[in-house]
>>> print(open('start_1.cif').read())   # mmCIF, N, CA and C atoms; chains and numbers go by the auth columns
data_query
#
loop_
_atom_site.group_PDB
_atom_site.id
_atom_site.type_symbol
_atom_site.label_atom_id
_atom_site.label_comp_id
_atom_site.label_asym_id
_atom_site.label_seq_id
_atom_site.Cartn_x
_atom_site.Cartn_y
_atom_site.Cartn_z
_atom_site.B_iso_or_equiv
_atom_site.auth_seq_id
_atom_site.auth_asym_id
ATOM 1 N N MET A 1 -21.240 -15.161 4.494 0.00 1 A
ATOM 2 C CA MET A 1 -21.792 -15.479 3.208 0.00 1 A
ATOM 3 C C MET A 1 -20.661 -15.960 2.290 0.00 1 A
ATOM 4 N N LYS A 2 -20.866 -17.074 1.644 0.00 2 A
ATOM 5 C CA LYS A 2 -19.878 -17.597 0.714 0.00 2 A
ATOM 6 C C LYS A 2 -20.036 -16.908 -0.627 0.00 2 A
ATOM 7 N N LEU A 3 -18.912 -16.712 -1.310 0.00 3 A
ATOM 8 C CA LEU A 3 -18.965 -16.067 -2.618 0.00 3 A
ATOM 9 C C LEU A 3 -19.684 -16.929 -3.643 0.00 3 A
ATOM 10 N N GLU A 4 -19.656 -18.260 -3.451 0.00 4 A
ATOM 11 C CA GLU A 4 -20.324 -19.150 -4.403 0.00 4 A
ATOM 12 C C GLU A 4 -21.841 -18.981 -4.360 0.00 4 A
ATOM 13 N N ASP A 5 -22.377 -18.477 -3.233 0.00 5 A
ATOM 14 C CA ASP A 5 -23.812 -18.340 -3.075 0.00 5 A
ATOM 15 C C ASP A 5 -24.376 -17.087 -3.756 0.00 5 A
ATOM 16 N N ILE A 6 -23.510 -16.185 -4.182 0.00 6 A
ATOM 17 C CA ILE A 6 -23.973 -14.920 -4.755 0.00 6 A
ATOM 18 C C ILE A 6 -24.173 -15.085 -6.256 0.00 6 A
ATOM 19 N N ASP A 7 -25.343 -14.702 -6.719 0.00 7 A
ATOM 20 C CA ASP A 7 -25.648 -14.760 -8.147 0.00 7 A
ATOM 21 C C ASP A 7 -25.574 -13.331 -8.691 0.00 7 A
ATOM 22 N N TYR A 8 -24.420 -12.991 -9.230 0.00 8 A
ATOM 23 C CA TYR A 8 -24.199 -11.627 -9.706 0.00 8 A
ATOM 24 C C TYR A 8 -25.085 -11.280 -10.907 0.00 8 A
ATOM 25 N N GLN A 9 -25.514 -12.283 -11.633 0.00 9 A
ATOM 26 C CA GLN A 9 -26.354 -12.040 -12.808 0.00 9 A
ATOM 27 C C GLN A 9 -27.705 -11.443 -12.413 0.00 9 A
ATOM 28 N N ASN A 10 -28.227 -11.839 -11.238 0.00 10 A
ATOM 29 C CA ASN A 10 -29.558 -11.410 -10.819 0.00 10 A
ATOM 30 C C ASN A 10 -29.547 -10.235 -9.836 0.00 10 A
ATOM 31 N N MET A 11 -28.394 -9.591 -9.671 0.00 11 A
ATOM 32 C CA MET A 11 -28.318 -8.459 -8.745 0.00 11 A
ATOM 33 C C MET A 11 -28.977 -7.235 -9.364 0.00 11 A
ATOM 34 N N THR A 12 -29.531 -6.425 -8.502 0.00 12 A
ATOM 35 C CA THR A 12 -30.099 -5.164 -8.988 0.00 12 A
ATOM 36 C C THR A 12 -28.965 -4.181 -9.254 0.00 12 A
ATOM 37 N N LYS A 13 -29.279 -3.131 -9.979 0.00 13 A
ATOM 38 C CA LYS A 13 -28.285 -2.101 -10.292 0.00 13 A
ATOM 39 C C LYS A 13 -27.757 -1.468 -8.998 0.00 13 A
ATOM 40 N N GLY A 14 -28.650 -1.262 -8.015 0.00 14 A
ATOM 41 C CA GLY A 14 -28.238 -0.683 -6.736 0.00 14 A
ATOM 42 C C GLY A 14 -27.269 -1.575 -5.980 0.00 14 A
ATOM 43 N N GLU A 15 -27.515 -2.878 -5.995 0.00 15 A
ATOM 44 C CA GLU A 15 -26.613 -3.823 -5.315 0.00 15 A
ATOM 45 C C GLU A 15 -25.245 -3.844 -5.991 0.00 15 A
ATOM 46 N N LYS A 16 -25.247 -3.812 -7.310 0.00 16 A
ATOM 47 C CA LYS A 16 -23.975 -3.779 -8.038 0.00 16 A
ATOM 48 C C LYS A 16 -23.214 -2.491 -7.725 0.00 16 A
ATOM 49 N N ASN A 17 -23.938 -1.374 -7.657 0.00 17 A
ATOM 50 C CA ASN A 17 -23.290 -0.100 -7.333 0.00 17 A
ATOM 51 C C ASN A 17 -22.717 -0.101 -5.923 0.00 17 A
ATOM 52 N N GLU A 18 -23.400 -0.763 -4.988 0.00 18 A
ATOM 53 C CA GLU A 18 -22.876 -0.874 -3.617 0.00 18 A
ATOM 54 C C GLU A 18 -21.566 -1.639 -3.603 0.00 18 A
ATOM 55 N N ILE A 19 -21.500 -2.722 -4.350 0.00 19 A
ATOM 56 C CA ILE A 19 -20.266 -3.515 -4.410 0.00 19 A
ATOM 57 C C ILE A 19 -19.148 -2.704 -5.049 0.00 19 A
ATOM 58 N N ILE A 20 -19.471 -1.988 -6.113 0.00 20 A
ATOM 59 C CA ILE A 20 -18.469 -1.155 -6.785 0.00 20 A
ATOM 60 C C ILE A 20 -17.969 -0.064 -5.844 0.00 20 A
ATOM 61 N N ALA A 21 -18.879 0.585 -5.117 0.00 21 A
ATOM 62 C CA ALA A 21 -18.491 1.645 -4.182 0.00 21 A
ATOM 63 C C ALA A 21 -17.625 1.085 -3.054 0.00 21 A
ATOM 64 N N TYR A 22 -17.983 -0.084 -2.557 0.00 22 A
ATOM 65 C CA TYR A 22 -17.191 -0.713 -1.487 0.00 22 A
ATOM 66 C C TYR A 22 -15.784 -1.039 -1.988 0.00 22 A
ATOM 67 N N ALA A 23 -15.703 -1.636 -3.189 0.00 23 A
ATOM 68 C CA ALA A 23 -14.401 -1.981 -3.754 0.00 23 A
ATOM 69 C C ALA A 23 -13.564 -0.731 -3.998 0.00 23 A
ATOM 70 N N ALA A 24 -14.178 0.330 -4.491 0.00 24 A
ATOM 71 C CA ALA A 24 -13.452 1.580 -4.728 0.00 24 A
ATOM 72 C C ALA A 24 -12.943 2.169 -3.420 0.00 24 A
ATOM 73 N N GLY A 25 -13.753 2.116 -2.382 0.00 25 A
ATOM 74 C CA GLY A 25 -13.324 2.604 -1.070 0.00 25 A
ATOM 75 C C GLY A 25 -12.161 1.810 -0.512 0.00 25 A
ATOM 76 N N MET A 26 -12.217 0.506 -0.664 0.00 26 A
ATOM 77 C CA MET A 26 -11.127 -0.348 -0.192 0.00 26 A
ATOM 78 C C MET A 26 -9.843 -0.061 -0.967 0.00 26 A
ATOM 79 N N LEU A 27 -9.957 0.116 -2.279 0.00 27 A
ATOM 80 C CA LEU A 27 -8.780 0.429 -3.086 0.00 27 A
ATOM 81 C C LEU A 27 -8.169 1.769 -2.688 0.00 27 A
ATOM 82 N N GLN A 28 -9.020 2.751 -2.397 0.00 28 A
ATOM 83 C CA GLN A 28 -8.519 4.054 -1.965 0.00 28 A
ATOM 84 C C GLN A 28 -7.795 3.940 -0.629 0.00 28 A
ATOM 85 N N CYS A 29 -8.340 3.162 0.274 0.00 29 A
ATOM 86 C CA CYS A 29 -7.721 2.949 1.587 0.00 29 A
ATOM 87 C C CYS A 29 -6.363 2.267 1.425 0.00 29 A
ATOM 88 N N ILE A 30 -6.307 1.250 0.595 0.00 30 A
ATOM 89 C CA ILE A 30 -5.054 0.534 0.351 0.00 30 A
ATOM 90 C C ILE A 30 -4.037 1.466 -0.292 0.00 30 A
ATOM 91 N N HIS A 31 -4.490 2.293 -1.231 0.00 31 A
ATOM 92 C CA HIS A 31 -3.595 3.238 -1.903 0.00 31 A
ATOM 93 C C HIS A 31 -2.982 4.217 -0.899 0.00 31 A
ATOM 94 N N LYS A 32 -3.787 4.708 0.038 0.00 32 A
ATOM 95 C CA LYS A 32 -3.274 5.615 1.067 0.00 32 A
ATOM 96 C C LYS A 32 -2.238 4.922 1.939 0.00 32 A
ATOM 97 N N GLU A 33 -2.505 3.666 2.305 0.00 33 A
ATOM 98 C CA GLU A 33 -1.554 2.919 3.131 0.00 33 A
ATOM 99 C C GLU A 33 -0.246 2.688 2.391 0.00 33 A
ATOM 100 N N ILE A 34 -0.332 2.391 1.101 0.00 34 A
ATOM 101 C CA ILE A 34 0.879 2.190 0.298 0.00 34 A
ATOM 102 C C ILE A 34 1.678 3.478 0.222 0.00 34 A
ATOM 103 N N ASN A 35 1.000 4.608 0.024 0.00 35 A
ATOM 104 C CA ASN A 35 1.701 5.889 -0.029 0.00 35 A
ATOM 105 C C ASN A 35 2.393 6.192 1.289 0.00 35 A
ATOM 106 N N ASN A 36 1.726 5.899 2.406 0.00 36 A
ATOM 107 C CA ASN A 36 2.342 6.115 3.715 0.00 36 A
ATOM 108 C C ASN A 36 3.572 5.228 3.886 0.00 36 A
ATOM 109 N N MET A 37 3.458 3.978 3.469 0.00 37 A
ATOM 110 C CA MET A 37 4.599 3.063 3.580 0.00 37 A
ATOM 111 C C MET A 37 5.726 3.498 2.651 0.00 37 A
ATOM 112 N N HIS A 38 5.373 3.991 1.474 0.00 38 A
ATOM 113 C CA HIS A 38 6.381 4.452 0.530 0.00 38 A
ATOM 114 C C HIS A 38 7.181 5.597 1.138 0.00 38 A
ATOM 115 N N SER A 39 6.506 6.532 1.780 0.00 39 A
ATOM 116 C CA SER A 39 7.183 7.657 2.423 0.00 39 A
ATOM 117 C C SER A 39 8.088 7.166 3.551 0.00 39 A
ATOM 118 N N LEU A 40 7.582 6.238 4.335 0.00 40 A
ATOM 119 C CA LEU A 40 8.375 5.700 5.436 0.00 40 A
ATOM 120 C C LEU A 40 9.614 4.981 4.919 0.00 40 A
ATOM 121 N N LEU A 41 9.465 4.185 3.863 0.00 41 A
ATOM 122 C CA LEU A 41 10.607 3.481 3.293 0.00 41 A
ATOM 123 C C LEU A 41 11.623 4.452 2.702 0.00 41 A
ATOM 124 N N LEU A 42 11.149 5.522 2.082 0.00 42 A
ATOM 125 C CA LEU A 42 12.049 6.523 1.523 0.00 42 A
ATOM 126 C C LEU A 42 12.859 7.191 2.626 0.00 42 A
ATOM 127 N N ILE A 43 12.184 7.577 3.703 0.00 43 A
ATOM 128 C CA ILE A 43 12.881 8.220 4.833 0.00 43 A
ATOM 129 C C ILE A 43 13.892 7.259 5.443 0.00 43 A
ATOM 130 N N THR A 44 13.509 6.000 5.599 0.00 44 A
ATOM 131 C CA THR A 44 14.410 4.992 6.163 0.00 44 A
ATOM 132 C C THR A 44 15.624 4.784 5.261 0.00 44 A
ATOM 133 N N SER A 45 15.398 4.720 3.967 0.00 45 A
ATOM 134 C CA SER A 45 16.502 4.530 3.029 0.00 45 A
ATOM 135 C C SER A 45 17.469 5.710 3.061 0.00 45 A
ATOM 136 N N ILE A 46 16.933 6.921 3.107 0.00 46 A
ATOM 137 C CA ILE A 46 17.794 8.105 3.162 0.00 46 A
ATOM 138 C C ILE A 46 18.609 8.105 4.452 0.00 46 A
ATOM 139 N N ALA A 47 17.986 7.727 5.559 0.00 47 A
ATOM 140 C CA ALA A 47 18.699 7.663 6.842 0.00 47 A
ATOM 141 C C ALA A 47 19.827 6.634 6.778 0.00 47 A
ATOM 142 N N LYS A 48 19.557 5.478 6.181 0.00 48 A
ATOM 143 C CA LYS A 48 20.602 4.450 6.057 0.00 48 A
ATOM 144 C C LYS A 48 21.757 4.933 5.194 0.00 48 A
ATOM 145 N N ILE A 49 21.437 5.628 4.096 0.00 49 A
ATOM 146 C CA ILE A 49 22.493 6.152 3.223 0.00 49 A
ATOM 147 C C ILE A 49 23.341 7.172 3.975 0.00 49 A
ATOM 148 N N CYS A 50 22.707 8.040 4.752 0.00 50 A
ATOM 149 C CA CYS A 50 23.451 9.033 5.533 0.00 50 A
ATOM 150 C C CYS A 50 24.371 8.364 6.544 0.00 50 A
ATOM 151 N N ILE A 51 23.881 7.336 7.205 0.00 51 A
ATOM 152 C CA ILE A 51 24.702 6.617 8.182 0.00 51 A
ATOM 153 C C ILE A 51 25.883 5.948 7.493 0.00 51 A
ATOM 154 N N LEU A 52 25.638 5.304 6.352 0.00 52 A
ATOM 155 C CA LEU A 52 26.725 4.649 5.626 0.00 52 A
ATOM 156 C C LEU A 52 27.747 5.667 5.116 0.00 52 A
ATOM 157 N N LEU A 53 27.282 6.829 4.656 0.00 53 A
ATOM 158 C CA LEU A 53 28.215 7.868 4.222 0.00 53 A
ATOM 159 C C LEU A 53 29.047 8.391 5.390 0.00 53 A
ATOM 160 N N ALA A 54 28.432 8.517 6.552 0.00 54 A
ATOM 161 C CA ALA A 54 29.174 8.971 7.734 0.00 54 A
ATOM 162 C C ALA A 54 30.230 7.946 8.125 0.00 54 A
ATOM 163 N N ILE A 55 29.883 6.667 8.061 0.00 55 A
ATOM 164 C CA ILE A 55 30.864 5.615 8.376 0.00 55 A
ATOM 165 C C ILE A 55 31.990 5.628 7.358 0.00 55 A
ATOM 166 N N LEU A 56 31.661 5.770 6.075 0.00 56 A
ATOM 167 C CA LEU A 56 32.685 5.812 5.033 0.00 56 A
ATOM 168 C C LEU A 56 33.601 7.013 5.216 0.00 56 A
ATOM 169 N N ALA A 57 33.020 8.178 5.510 0.00 57 A
ATOM 170 C CA ALA A 57 33.828 9.374 5.723 0.00 57 A
ATOM 171 C C ALA A 57 34.740 9.210 6.918 0.00 57 A
ATOM 172 N N THR A 58 34.249 8.592 7.977 0.00 58 A
ATOM 173 C CA THR A 58 35.063 8.350 9.176 0.00 58 A
ATOM 174 C C THR A 58 36.220 7.439 8.853 0.00 58 A
ATOM 175 N N ILE A 59 35.970 6.384 8.093 0.00 59 A
ATOM 176 C CA ILE A 59 37.040 5.446 7.728 0.00 59 A
ATOM 177 C C ILE A 59 38.078 6.126 6.847 0.00 59 A
ATOM 178 N N LEU A 60 37.610 6.896 5.856 0.00 60 A
ATOM 179 C CA LEU A 60 38.547 7.551 4.946 0.00 60 A
ATOM 180 C C LEU A 60 39.355 8.639 5.642 0.00 60 A
ATOM 181 N N LEU A 61 38.745 9.399 6.549 0.00 61 A
ATOM 182 C CA LEU A 61 39.457 10.473 7.230 0.00 61 A
ATOM 183 C C LEU A 61 40.358 9.955 8.359 0.00 61 A
ATOM 184 N N HIS A 62 40.085 8.772 8.859 0.00 62 A
ATOM 185 C CA HIS A 62 40.878 8.216 9.958 0.00 62 A
ATOM 186 C C HIS A 62 42.248 7.752 9.474 0.00 62 A
ATOM 187 N N LYS A 63 42.337 7.293 8.245 0.00 63 A
ATOM 188 C CA LYS A 63 43.613 6.776 7.736 0.00 63 A
ATOM 189 C C LYS A 63 44.508 7.857 7.332 0.00 63 A
#
>>> encode(input="start_1.cif", output="structure tokens")
Amino acid sequence: MKLEDIDYQNMTKGEKNEIIAYAAGMLQCIHKEINNMHSLLLITSIAKICILLAILATILLHK
């Protein structure tokens, strides 16, 4: 179905509520995925910082 074919002005209240519920569900799903990615990026960043600190400590203690 093309979006141009939908006449939102003539939709029933129930049809509008279905669209709103679908959009809210999709937003919640996207929000959960973003939170999961945020946690993964945080863990990855902390791991990189630890590795860089270990390399720096090795260089400083070696000299």
>>> select_by_dssp(input="start_1.cif", residues="chain A", states="alpha helix (DSSP H)", output="count of residues only")
50
>>> atom_distance(input="start_1.cif", atom1="atom N of Leu41 (chain A)", atom2="atom N of Gln28 (chain A)")
19.6 Å
>>> atom_distance(input="start_1.cif", atom1="CA of Ala54 (chain A)", atom2="CA of Met37 (chain A)")
25.6 Å
>>> atom_distance(input="start_1.cif", atom1="atom C of Asp5 (chain A)", atom2="CA of Ile19 (chain A)")
14.2 Å
>>> decode(input="start_1.cif", residues="region 41-57 of chain A", atoms="all heavy atoms", output="PDB file, in the first residue's frame")
ATOM      1  N   LEU A  41      28.743  -0.286  23.192  1.00  0.00           N
ATOM      2  CA  LEU A  41      29.753   0.718  22.880  1.00  0.00           C
ATOM      3  C   LEU A  41      30.504   1.161  24.130  1.00  0.00           C
ATOM      4  O   LEU A  41      31.712   1.391  24.089  1.00  0.00           O
ATOM      5  CB  LEU A  41      29.108   1.922  22.194  1.00  0.00           C
ATOM      6  CG  LEU A  41      28.610   1.693  20.771  1.00  0.00           C
ATOM      7  CD1 LEU A  41      27.848   2.913  20.277  1.00  0.00           C
ATOM      8  CD2 LEU A  41      29.755   1.370  19.840  1.00  0.00           C
ATOM      9  N   LEU A  42      29.805   1.276  25.248  1.00  0.00           N
ATOM     10  CA  LEU A  42      30.451   1.656  26.498  1.00  0.00           C
ATOM     11  C   LEU A  42      31.461   0.598  26.923  1.00  0.00           C
ATOM     12  O   LEU A  42      32.598   0.918  27.284  1.00  0.00           O
ATOM     13  CB  LEU A  42      29.402   1.864  27.592  1.00  0.00           C
ATOM     14  CG  LEU A  42      29.920   2.267  28.964  1.00  0.00           C
ATOM     15  CD1 LEU A  42      30.624   3.617  28.890  1.00  0.00           C
ATOM     16  CD2 LEU A  42      28.778   2.319  29.959  1.00  0.00           C
ATOM     17  N   ILE A  43      31.055  -0.665  26.858  1.00  0.00           N
ATOM     18  CA  ILE A  43      31.966  -1.763  27.233  1.00  0.00           C
ATOM     19  C   ILE A  43      33.171  -1.789  26.303  1.00  0.00           C
ATOM     20  O   ILE A  43      34.316  -1.940  26.746  1.00  0.00           O
ATOM     21  CB  ILE A  43      31.210  -3.111  27.210  1.00  0.00           C
ATOM     22  CG1 ILE A  43      30.194  -3.146  28.346  1.00  0.00           C
ATOM     23  CG2 ILE A  43      32.172  -4.285  27.304  1.00  0.00           C
ATOM     24  CD1 ILE A  43      29.202  -4.296  28.266  1.00  0.00           C
ATOM     25  N   THR A  44      32.941  -1.600  25.011  1.00  0.00           N
ATOM     26  CA  THR A  44      34.032  -1.591  24.035  1.00  0.00           C
ATOM     27  C   THR A  44      34.988  -0.430  24.299  1.00  0.00           C
ATOM     28  O   THR A  44      36.211  -0.597  24.248  1.00  0.00           O
ATOM     29  CB  THR A  44      33.466  -1.494  22.606  1.00  0.00           C
ATOM     30  OG1 THR A  44      32.541  -2.560  22.403  1.00  0.00           O
ATOM     31  CG2 THR A  44      34.564  -1.587  21.571  1.00  0.00           C
ATOM     32  N   SER A  45      34.444   0.731  24.593  1.00  0.00           N
ATOM     33  CA  SER A  45      35.283   1.895  24.867  1.00  0.00           C
ATOM     34  C   SER A  45      36.130   1.687  26.119  1.00  0.00           C
ATOM     35  O   SER A  45      37.317   2.027  26.135  1.00  0.00           O
ATOM     36  CB  SER A  45      34.421   3.146  25.036  1.00  0.00           C
ATOM     37  OG  SER A  45      33.747   3.443  23.841  1.00  0.00           O
ATOM     38  N   ILE A  46      35.531   1.130  27.162  1.00  0.00           N
ATOM     39  CA  ILE A  46      36.281   0.876  28.393  1.00  0.00           C
ATOM     40  C   ILE A  46      37.397  -0.132  28.134  1.00  0.00           C
ATOM     41  O   ILE A  46      38.526   0.030  28.620  1.00  0.00           O
ATOM     42  CB  ILE A  46      35.337   0.396  29.516  1.00  0.00           C
ATOM     43  CG1 ILE A  46      34.437   1.559  29.952  1.00  0.00           C
ATOM     44  CG2 ILE A  46      36.113  -0.156  30.703  1.00  0.00           C
ATOM     45  CD1 ILE A  46      33.323   1.158  30.896  1.00  0.00           C
ATOM     46  N   ALA A  47      37.110  -1.160  27.348  1.00  0.00           N
ATOM     47  CA  ALA A  47      38.129  -2.163  27.015  1.00  0.00           C
ATOM     48  C   ALA A  47      39.281  -1.521  26.241  1.00  0.00           C
ATOM     49  O   ALA A  47      40.454  -1.799  26.519  1.00  0.00           O
ATOM     50  CB  ALA A  47      37.506  -3.300  26.212  1.00  0.00           C
ATOM     51  N   LYS A  48      38.959  -0.651  25.291  1.00  0.00           N
ATOM     52  CA  LYS A  48      40.014   0.029  24.523  1.00  0.00           C
ATOM     53  C   LYS A  48      40.869   0.914  25.418  1.00  0.00           C
ATOM     54  O   LYS A  48      42.090   0.955  25.286  1.00  0.00           O
ATOM     55  CB  LYS A  48      39.395   0.872  23.409  1.00  0.00           C
ATOM     56  CG  LYS A  48      38.876   0.064  22.246  1.00  0.00           C
ATOM     57  CD  LYS A  48      38.281   0.977  21.175  1.00  0.00           C
ATOM     58  CE  LYS A  48      37.729   0.190  20.027  1.00  0.00           C
ATOM     59  NZ  LYS A  48      37.140   1.063  18.992  1.00  0.00           N
ATOM     60  N   ILE A  49      40.225   1.625  26.352  1.00  0.00           N
ATOM     61  CA  ILE A  49      40.978   2.484  27.271  1.00  0.00           C
ATOM     62  C   ILE A  49      41.907   1.641  28.138  1.00  0.00           C
ATOM     63  O   ILE A  49      43.075   2.007  28.349  1.00  0.00           O
ATOM     64  CB  ILE A  49      40.012   3.324  28.138  1.00  0.00           C
ATOM     65  CG1 ILE A  49      39.336   4.389  27.276  1.00  0.00           C
ATOM     66  CG2 ILE A  49      40.751   3.969  29.311  1.00  0.00           C
ATOM     67  CD1 ILE A  49      38.211   5.127  27.976  1.00  0.00           C
ATOM     68  N   CYS A  50      41.427   0.503  28.623  1.00  0.00           N
ATOM     69  CA  CYS A  50      42.266  -0.379  29.439  1.00  0.00           C
ATOM     70  C   CYS A  50      43.464  -0.888  28.650  1.00  0.00           C
ATOM     71  O   CYS A  50      44.591  -0.926  29.167  1.00  0.00           O
ATOM     72  CB  CYS A  50      41.451  -1.545  29.980  1.00  0.00           C
ATOM     73  SG  CYS A  50      40.242  -1.052  31.227  1.00  0.00           S
ATOM     74  N   ILE A  51      43.241  -1.263  27.407  1.00  0.00           N
ATOM     75  CA  ILE A  51      44.338  -1.747  26.566  1.00  0.00           C
ATOM     76  C   ILE A  51      45.353  -0.636  26.328  1.00  0.00           C
ATOM     77  O   ILE A  51      46.569  -0.845  26.438  1.00  0.00           O
ATOM     78  CB  ILE A  51      43.798  -2.300  25.230  1.00  0.00           C
ATOM     79  CG1 ILE A  51      43.028  -3.593  25.481  1.00  0.00           C
ATOM     80  CG2 ILE A  51      44.924  -2.527  24.226  1.00  0.00           C
ATOM     81  CD1 ILE A  51      42.228  -4.094  24.282  1.00  0.00           C
ATOM     82  N   LEU A  52      44.875   0.570  26.026  1.00  0.00           N
ATOM     83  CA  LEU A  52      45.788   1.690  25.798  1.00  0.00           C
ATOM     84  C   LEU A  52      46.562   2.045  27.068  1.00  0.00           C
ATOM     85  O   LEU A  52      47.762   2.363  26.997  1.00  0.00           O
ATOM     86  CB  LEU A  52      45.019   2.904  25.284  1.00  0.00           C
ATOM     87  CG  LEU A  52      44.471   2.773  23.854  1.00  0.00           C
ATOM     88  CD1 LEU A  52      43.603   3.982  23.515  1.00  0.00           C
ATOM     89  CD2 LEU A  52      45.599   2.627  22.853  1.00  0.00           C
ATOM     90  N   LEU A  53      45.906   1.985  28.227  1.00  0.00           N
ATOM     91  CA  LEU A  53      46.612   2.244  29.481  1.00  0.00           C
ATOM     92  C   LEU A  53      47.672   1.179  29.752  1.00  0.00           C
ATOM     93  O   LEU A  53      48.762   1.486  30.245  1.00  0.00           O
ATOM     94  CB  LEU A  53      45.624   2.328  30.642  1.00  0.00           C
ATOM     95  CG  LEU A  53      44.778   3.594  30.706  1.00  0.00           C
ATOM     96  CD1 LEU A  53      43.737   3.476  31.814  1.00  0.00           C
ATOM     97  CD2 LEU A  53      45.642   4.816  30.915  1.00  0.00           C
ATOM     98  N   ALA A  54      47.366  -0.063  29.426  1.00  0.00           N
ATOM     99  CA  ALA A  54      48.348  -1.138  29.615  1.00  0.00           C
ATOM    100  C   ALA A  54      49.547  -0.931  28.698  1.00  0.00           C
ATOM    101  O   ALA A  54      50.700  -1.109  29.116  1.00  0.00           O
ATOM    102  CB  ALA A  54      47.693  -2.493  29.342  1.00  0.00           C
ATOM    103  N   ILE A  55      49.296  -0.527  27.459  1.00  0.00           N
ATOM    104  CA  ILE A  55      50.404  -0.257  26.528  1.00  0.00           C
ATOM    105  C   ILE A  55      51.227   0.919  27.022  1.00  0.00           C
ATOM    106  O   ILE A  55      52.467   0.866  27.018  1.00  0.00           O
ATOM    107  CB  ILE A  55      49.833   0.008  25.105  1.00  0.00           C
ATOM    108  CG1 ILE A  55      49.245  -1.271  24.528  1.00  0.00           C
ATOM    109  CG2 ILE A  55      50.933   0.562  24.197  1.00  0.00           C
ATOM    110  CD1 ILE A  55      48.461  -1.066  23.249  1.00  0.00           C
ATOM    111  N   LEU A  56      50.571   1.980  27.489  1.00  0.00           N
ATOM    112  CA  LEU A  56      51.288   3.146  28.001  1.00  0.00           C
ATOM    113  C   LEU A  56      52.123   2.782  29.220  1.00  0.00           C
ATOM    114  O   LEU A  56      53.299   3.186  29.335  1.00  0.00           O
ATOM    115  CB  LEU A  56      50.293   4.250  28.353  1.00  0.00           C
ATOM    116  CG  LEU A  56      50.880   5.543  28.920  1.00  0.00           C
ATOM    117  CD1 LEU A  56      51.799   6.202  27.896  1.00  0.00           C
ATOM    118  CD2 LEU A  56      49.779   6.481  29.335  1.00  0.00           C
ATOM    119  N   ALA A  57      51.547   2.002  30.137  1.00  0.00           N
ATOM    120  CA  ALA A  57      52.286   1.587  31.325  1.00  0.00           C
ATOM    121  C   ALA A  57      53.484   0.742  30.954  1.00  0.00           C
ATOM    122  O   ALA A  57      54.582   0.895  31.526  1.00  0.00           O
ATOM    123  CB  ALA A  57      51.367   0.820  32.261  1.00  0.00           C
TER     124      ALA A  57
END
